[in-house]
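Peer 1: Below you'll find the structure I mean.
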Amino acid sequence: MSDDTILSVRGLGVEFPMGRKRFTAVDGVSFDLRRGETFSLVGESGSGKTTIGRAIMRIHPISKGEILFEGKRVSGRIDASAERLLRQRIQMIFQDPMASLNERAKIDYIVSEGLYNFRLFKDEAERRAKVEKALRDVGLIPEFASRFPHEFSGGQRQRIGIARALVMEPELLIADEPISALDVSIRSQVINLMNRLKRDRGLTYLFIAHDLSVVRFISDRIAVIYRGRLVELAGAEELFAHPLHPYTRALLSAVPLPDPEVERLKKHVAYDPSIHDYSQGKPSWSEVSSGHFVLGNECEIRGWKA
Amino acid sequence: MSADNILEVSDLRVSFSLRGKMLTALRGTSLELRRGETLAVVGESGSGKSVLAKTFLGMLDKNGRVESGSIIFDGQDLARYTTEKQWLGIRGKRIAMIFQDPMTALNPLKTVGEQIREAAALHRGLDRRTSRLAVIETLERVGIGEPELRYRQFPHEFSGGMRQRAVIAAAVACRPEVLICDEPTTALDVTVQAQILDLIKSLQRDLHMSVLFITHDLGVVASVAQRVAVMYSGQVVEEGSVEEVFYDPRAPYTWALLASLPQLGVKGEELYSIKGTPPSLFKEIRGDAFAPRNPQALEVDFVEEPPAFPVSPTHWARTWLLDPRAPCIEAPRSIMRLRERLSKARKDPGRAGKASGGEA
């Protein structure tokens, strides 16, 4: 683990009880987040991408592996002070800005709820100043603090959700599909805001999404997850230019491009897990080229390296 | 009405009364759906695209009504329909609709097969046995394996993609002439979305349907449609073939929509974004509805509403820029030669295409 690693996920497994059996949602997932980067987890619904985000936030207990934040273990049993620190320095932005804000609370309370929980202010004036600053940082005016969520548009609500995370002065933001529910024009406003905050504050993002066109634009690195396992991890442009795993290829080919002529000629590639012959040689996580990892058995890896 | 058109909407105005105030959702919308084509309607939420679709089926909420304009379908004006009885001959039978969320479109207490069979039996006047066979055939046609077993299952036993297939089966079981799809793939994964889009395309061809496809995703438009209508604040602002609208857009709103595509952004630079929010539909809109958000708006845009100017026989746009007296304002560089830029973005790793200036 190098110095610039902020979060390290090692051999993460998450299971849920399913009747008498247990359902494995996440299996053997490992990756490192570097300080100041945007790292995206991409996969279809049910692939476990949201579960990983929630496991980092300690919302779901983990069954295997460990998670390190700035070198300190934050998974499993940890003491109360470590948990407090984690809850302060890692914040989450949720998908649906309509559902994730308390309808009955004013923006002032919504944004300062974390400050109240952790007593992060000396007096009322300081709290108000912090809320004001957070609102300004996301491009809203401080007067909005006295209003209720229903008075805002979708894009503005998502800004409020971001302000609520920022007020805690986090280092890592876990954004679970933060722009999927937004319209095209508002989407670019929120993307620009997230990128500006990253530049100005050196924030690190774990971005969970299924919209690959957006992911490509904002990510430094992308990990593709299929049924709870990482199948490929590479730099954003490398992944789009040279997708290796058949599932990644299927996923990329499925994204419709805003170009009628290309679309007319396009053939979709479907992913069929049975094409892998893992009877001889179990698949392993291998580095094919610098920083480009794929899940495959020896024979497949040899093919991909060539 | 031209013989090519199966559905022709002219100057349609629809308003809703909400808490004593009037909301005008459609402000003089005009649209033509040709026989056998797929027409995409794109727009943001609140642009009126779903309200438009609901007027074709007489499904406006109780507080809404058609103020003026006409919807001509097969020689009849649907805008004049008032009774449920008149609608029964049209809704589901000759014009069918697929909704966004397949979970709410199906009745959780009935087997999938039975709910499709009921509709088919009602509209086609078939007896139990024949309609059952017809439904099984339709289930198979929409790509549901083991249709006889699936017929007896409940919606919760279906995955999201399979549920949407079942909803499509219900819609096409009565062999409608027009199929309206309201964001049918928004709730689905991209891989499933691709399959559903392929299915809708093949059904449209095989069953000779005309499809009106509502979406906000320009990628989906490029994938399914031959023609596209761009809506903003209750009006169609541009209509043309997909090639014309994607490669030679004329309305400033269409420019803005295309320019904000993340595929055209440059990493590390700001993505083009439309400032402000759409106008309130509770107020009277003066001039061009997009003018307050358009940095290059002309003076006349704030005063008078632009009419539809023809660009080619198949392409028109509502913007004063097409008036011969207008100053020459060009489309933003980022969307000129869209195709080259997109293909460059795909081939050239290290950058996601050039957004503005530079090498143009």
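Residues in the structure tokens are numbered from 1 in each chain, the chains being A, B, ... in the order shown, and ligands are numbered from 1 in the order shown.
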Tell me as a VMD selection string which residues belonging to chain A come within 7 Å of chain B, counting only C-alpha atoms.

Peer 2: chain A and resid 44 to 45 183 185 188 to 189 192 213 to 214 217 to 218 237 to 238 241 251 254 to 260 263 to 264

Peer 1: Those same residues - C-alpha atoms - I'd like them written as a tab-separated table (two decimals), in the first residue's frame.

Peer 2:
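Full text of selection_6.tsv as output:
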chain	number	residue	atom	x	y	z
A	44	GLU	CA	-25.79	-3.86	-13.32
A	45	SER	CA	-28.39	-3.89	-10.59
A	183	ASP	CA	-32.30	15.52	-16.32
A	185	SER	CA	-29.21	19.72	-18.47
A	188	SER	CA	-24.00	18.44	-16.34
A	189	GLN	CA	-24.37	21.11	-13.63
A	192	ASN	CA	-19.24	20.12	-13.01
A	213	SER	CA	-20.98	7.72	-20.64
A	214	VAL	CA	-20.96	9.78	-17.46
A	217	PHE	CA	-16.15	11.56	-18.33
A	218	ILE	CA	-15.62	11.87	-14.59
A	237	GLU	CA	-9.61	5.64	-21.16
A	238	GLU	CA	-7.70	2.36	-21.16
A	241	ALA	CA	-10.08	1.67	-25.57
A	251	LEU	CA	-21.51	-3.71	-21.10
A	254	ALA	CA	-24.89	-2.02	-24.76
A	255	VAL	CA	-24.56	1.74	-24.18
A	256	PRO	CA	-26.47	3.53	-26.92
A	257	LEU	CA	-24.43	6.31	-28.51
A	258	PRO	CA	-26.01	9.59	-29.58
A	259	ASP	CA	-25.09	8.95	-33.20
A	260	PRO	CA	-27.75	7.50	-35.52
A	263	GLU	CA	-26.27	2.88	-33.87
A	264	ARG	CA	-27.73	1.55	-37.11

Peer 1: Within 8 Å of Val112 (chain B), counting only C-alpha atoms, which residues qualify if same-chain residues fewer than 5 places away don't, as a ChimeraX atom specification?

Peer 2: /B:106,150-155,166

Peer 1: Tell me, in Å to one decimal, how far CA of Ala121 (chain B) is from CA of Ala134 (chain B).

Peer 2: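 Atom-to-atom, CA of Ala121 (chain B) to CA of Ala134 (chain B), that is 9.5 Å.
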
Peer 1: What is the CA of Lys62 (chain B) to CA of Gly154 (chain A) distance in Å?

Peer 2: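 Calculated distance between CA of Lys62 (chain B) and CA of Gly154 (chain A) is 25.8 Å.
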
Peer 1: Given the choices A:Lys106, A:Arg77, A:Arg84, A:Arg10, which gets closest to Phe118 (chain A) if the distance is worked out from only C-alpha atoms?

Peer 2: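 Distance minimum relative to Phe118 (chain A) lands on A:Arg84.
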
Peer 1: Using only C-alpha atoms, which residues sit within 9 Å of region 131-133 of chain B once same-chain residues fewer than 2 positions away are excluded, as a list in words?

Peer 2: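 These residues fall inside the cut-off: Gly113, Glu114, Ile116, Arg117, Glu118, Ala120, Ala121, Arg124, Gly125, Leu126, Asp127, Arg128, Arg129, Val135, Ile136, Glu137, Thr138 and Tyr151 of chain B.
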
Peer 1: Please report, as a PyMOL selection string, each residue of region 267-305 of chain A to which DSSP assigns helix (DSSP H, G or I) when run on this structure's backbone.

Peer 2: chain A and resi 273-275+298-305

Peer 1: Go ahead and dump the residues you just picked, all heavy atoms, as an mmCIF file, in the first residue's frame.

Peer 2:
data_model
loop_
_atom_site.group_PDB
_atom_site.id
_atom_site.type_symbol
_atom_site.label_atom_id
_atom_site.label_comp_id
_atom_site.auth_asym_id
_atom_site.auth_seq_id
_atom_site.Cartn_x
_atom_site.Cartn_y
_atom_site.Cartn_z
ATOM 1 N N PRO A 273 -21.875 -16.213 -19.359
ATOM 2 C CA PRO A 273 -20.809 -16.649 -18.445
ATOM 3 C C PRO A 273 -20.290 -18.045 -18.775
ATOM 4 O O PRO A 273 -19.181 -18.403 -18.372
ATOM 5 C CB PRO A 273 -21.491 -16.632 -17.071
ATOM 6 C CG PRO A 273 -22.768 -15.894 -17.237
ATOM 7 C CD PRO A 273 -23.128 -15.912 -18.677
ATOM 8 N N SER A 274 -21.064 -18.834 -19.531
ATOM 9 C CA SER A 274 -20.621 -20.206 -19.787
ATOM 10 C C SER A 274 -19.490 -20.277 -20.818
ATOM 11 O O SER A 274 -18.957 -21.349 -21.084
ATOM 12 C CB SER A 274 -21.796 -21.071 -20.245
ATOM 13 O OG SER A 274 -22.230 -20.625 -21.508
ATOM 14 N N ILE A 275 -19.124 -19.142 -21.443
ATOM 15 C CA ILE A 275 -18.005 -19.203 -22.384
ATOM 16 C C ILE A 275 -16.666 -19.412 -21.675
ATOM 17 O O ILE A 275 -15.694 -19.793 -22.294
ATOM 18 C CB ILE A 275 -17.890 -17.933 -23.270
ATOM 19 C CG1 ILE A 275 -17.709 -16.678 -22.403
ATOM 20 C CG2 ILE A 275 -19.078 -17.785 -24.194
ATOM 21 C CD1 ILE A 275 -17.165 -15.506 -23.181
ATOM 22 N N GLU A 298 -5.370 -18.779 -16.533
ATOM 23 C CA GLU A 298 -4.077 -18.592 -17.200
ATOM 24 C C GLU A 298 -4.202 -18.488 -18.704
ATOM 25 O O GLU A 298 -3.606 -17.640 -19.341
ATOM 26 C CB GLU A 298 -3.160 -19.772 -16.858
ATOM 27 C CG GLU A 298 -2.189 -19.464 -15.754
ATOM 28 C CD GLU A 298 -1.362 -20.693 -15.431
ATOM 29 O OE1 GLU A 298 -0.738 -21.217 -16.382
ATOM 30 O OE2 GLU A 298 -1.372 -21.132 -14.267
ATOM 31 N N CYS A 299 -5.036 -19.394 -19.259
ATOM 32 C CA CYS A 299 -5.187 -19.463 -20.702
ATOM 33 C C CYS A 299 -5.773 -18.153 -21.253
ATOM 34 O O CYS A 299 -5.287 -17.589 -22.226
ATOM 35 C CB CYS A 299 -6.083 -20.648 -21.022
ATOM 36 S SG CYS A 299 -6.412 -20.825 -22.752
ATOM 37 N N GLU A 300 -6.817 -17.651 -20.571
ATOM 38 C CA GLU A 300 -7.442 -16.398 -21.011
ATOM 39 C C GLU A 300 -6.470 -15.235 -20.930
ATOM 40 O O GLU A 300 -6.372 -14.419 -21.845
ATOM 41 C CB GLU A 300 -8.660 -16.096 -20.125
ATOM 42 C CG GLU A 300 -9.865 -16.961 -20.424
ATOM 43 C CD GLU A 300 -11.001 -16.692 -19.454
ATOM 44 O OE1 GLU A 300 -10.744 -16.535 -18.248
ATOM 45 O OE2 GLU A 300 -12.138 -16.631 -19.909
ATOM 46 N N ILE A 301 -5.747 -15.176 -19.801
ATOM 47 C CA ILE A 301 -4.811 -14.070 -19.591
ATOM 48 C C ILE A 301 -3.764 -14.049 -20.694
ATOM 49 O O ILE A 301 -3.430 -12.994 -21.229
ATOM 50 C CB ILE A 301 -4.110 -14.214 -18.214
ATOM 51 C CG1 ILE A 301 -5.142 -14.192 -17.082
ATOM 52 C CG2 ILE A 301 -3.050 -13.152 -18.016
ATOM 53 C CD1 ILE A 301 -5.748 -12.874 -16.780
ATOM 54 N N ARG A 302 -3.310 -15.242 -21.063
ATOM 55 C CA ARG A 302 -2.296 -15.322 -22.114
ATOM 56 C C ARG A 302 -2.857 -14.708 -23.406
ATOM 57 O O ARG A 302 -2.186 -13.946 -24.084
ATOM 58 C CB ARG A 302 -1.866 -16.788 -22.338
ATOM 59 C CG ARG A 302 -0.360 -16.949 -22.411
ATOM 60 C CD ARG A 302 0.038 -18.416 -22.551
ATOM 61 N NE ARG A 302 -0.318 -19.230 -21.394
ATOM 62 C CZ ARG A 302 -1.001 -20.383 -21.474
ATOM 63 N NH1 ARG A 302 -1.402 -20.834 -22.656
ATOM 64 N NH2 ARG A 302 -1.274 -21.073 -20.388
ATOM 65 N N GLY A 303 -4.118 -15.053 -23.700
ATOM 66 C CA GLY A 303 -4.757 -14.512 -24.898
ATOM 67 C C GLY A 303 -4.871 -12.995 -24.842
ATOM 68 O O GLY A 303 -4.668 -12.304 -25.837
ATOM 69 N N TRP A 304 -5.208 -12.479 -23.675
ATOM 70 C CA TRP A 304 -5.427 -11.032 -23.553
ATOM 71 C C TRP A 304 -4.119 -10.247 -23.598
ATOM 72 O O TRP A 304 -4.087 -9.101 -24.003
ATOM 73 C CB TRP A 304 -6.166 -10.725 -22.234
ATOM 74 C CG TRP A 304 -7.583 -11.178 -22.274
ATOM 75 C CD1 TRP A 304 -8.373 -11.267 -23.385
ATOM 76 C CD2 TRP A 304 -8.389 -11.589 -21.167
ATOM 77 N NE1 TRP A 304 -9.624 -11.709 -23.036
ATOM 78 C CE2 TRP A 304 -9.670 -11.922 -21.683
ATOM 79 C CE3 TRP A 304 -8.169 -11.727 -19.806
ATOM 80 C CZ2 TRP A 304 -10.711 -12.369 -20.887
ATOM 81 C CZ3 TRP A 304 -9.206 -12.158 -19.002
ATOM 82 C CH2 TRP A 304 -10.462 -12.488 -19.530
ATOM 83 N N LYS A 305 -3.040 -10.921 -23.128
ATOM 84 C CA LYS A 305 -1.760 -10.215 -23.140
ATOM 85 C C LYS A 305 -1.247 -10.076 -24.558
ATOM 86 O O LYS A 305 -0.588 -9.109 -24.895
ATOM 87 C CB LYS A 305 -0.724 -10.978 -22.292
ATOM 88 C CG LYS A 305 -0.761 -10.566 -20.830
ATOM 89 C CD LYS A 305 0.368 -11.216 -20.077
ATOM 90 C CE LYS A 305 0.335 -10.783 -18.620
ATOM 91 N NZ LYS A 305 1.235 -11.565 -17.789
#

Peer 1: Let's see if you can do this: from backbone DSSP, list all strand (DSSP E) residues in region 170-277 of chain A, as a ChimeraX atom specification.

Peer 2: /A:172-176,204-209,221-226,229-235

Peer 1: Find the residues around Val51 (chain B) up to 8 Å (only C-alpha atoms counted), leave out those fewer than 5 positions away in its own chain, and share them as a list in words.

Peer 2: Ala25, Leu26 and Leu60 of chain B

Peer 1: When you count only C-alpha atoms, which of these residues is closest to Gly291 (chain A): A:Ala105, A:Ala250, A:Ile225, A:Leu233?

Peer 2: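 Using only C-alpha atoms, Gly291 (chain A) sits closest to A:Leu233.
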
Peer 1: Quick one: residues within 9 Å of region 164-172 of chain A, only C-alpha atoms counted, chain neighbours fewer than 3 positions away excluded, as an MDAnalysis selection string?

Peer 2: chainID A and resid 6:7 35:36 87:93 110:115 120 130:131 133:135 137:138 159:161 201:206

Peer 1: From the options B:Cys174, B:Val230, B:Ile180, B:Ile168, which residue's atoms come nearest to Leu203 (chain B), counting only C-alpha atoms?

Peer 2: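 Residue with the minimum atom-to-atom distance to Leu203 (chain B): B:Ile168.
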
Peer 1: Within 10 Å of Asp77 (chain B), counting only C-alpha atoms, which residues show up once you throw out same-chain ones fewer than 6 positions away? Write them as an mmCIF file with C-alpha atoms, in the first residue's frame, please.

Peer 2:
data_model
loop_
_atom_site.group_PDB
_atom_site.id
_atom_site.type_symbol
_atom_site.label_atom_id
_atom_site.label_comp_id
_atom_site.auth_asym_id
_atom_site.auth_seq_id
_atom_site.Cartn_x
_atom_site.Cartn_y
_atom_site.Cartn_z
ATOM 1 C CA LEU B 7 -51.532 10.331 -36.127
ATOM 2 C CA GLU B 8 -51.486 14.074 -36.582
ATOM 3 C CA VAL B 9 -51.401 16.520 -33.693
ATOM 4 C CA GLY B 69 -56.147 21.830 -31.104
ATOM 5 C CA SER B 70 -56.754 18.445 -32.675
ATOM 6 C CA ILE B 71 -55.423 14.876 -32.603
#

Peer 1: From the set B:Thr83, B:Asp182, B:Gly89, B:Ala297, which residue has the shortest atom-to-atom contact distance to Pro327 (chain B), counting only C-alpha atoms?

Peer 2: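 Closest residue, counting only C-alpha atoms: B:Ala297.
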
Peer 1: If we count only C-alpha atoms and set the cut-off at 7 Å, which residues sit around Asp101 (chain B), ignoring sequence neighbours fewer than 3 positions away in its own chain? Please answer as a VMD selection string.

Peer 2: chain B and resid 104 to 105 187

Peer 1: How would the residues just chosen look if you wrote them out with N, CA, C and O atoms as a compact mmCIF listing (two decimals), in the first residue's frame?

Peer 2:
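Done, and the output landed in out28.txt:
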# COMPACT_ATOMS: atom_id res chain seq x y z
N THR B 104 -45.21 -1.41 -11.66
CA THR B 104 -46.53 -0.84 -11.36
C THR B 104 -47.52 -1.09 -12.50
O THR B 104 -48.71 -0.91 -12.32
N ALA B 105 -47.02 -1.48 -13.68
CA ALA B 105 -47.93 -1.68 -14.80
C ALA B 105 -48.64 -3.03 -14.73
O ALA B 105 -49.63 -3.25 -15.39
N ALA B 187 -35.78 2.40 -16.29
CA ALA B 187 -35.57 1.72 -15.02
C ALA B 187 -34.71 0.46 -15.17
O ALA B 187 -34.49 -0.25 -14.20

Peer 1: Could you state the separation of CA of Val288 (chain A) and CA of Val26 (chain A) in Å, given to one decimal place?

Peer 2: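 It comes out at 23.3 Å.
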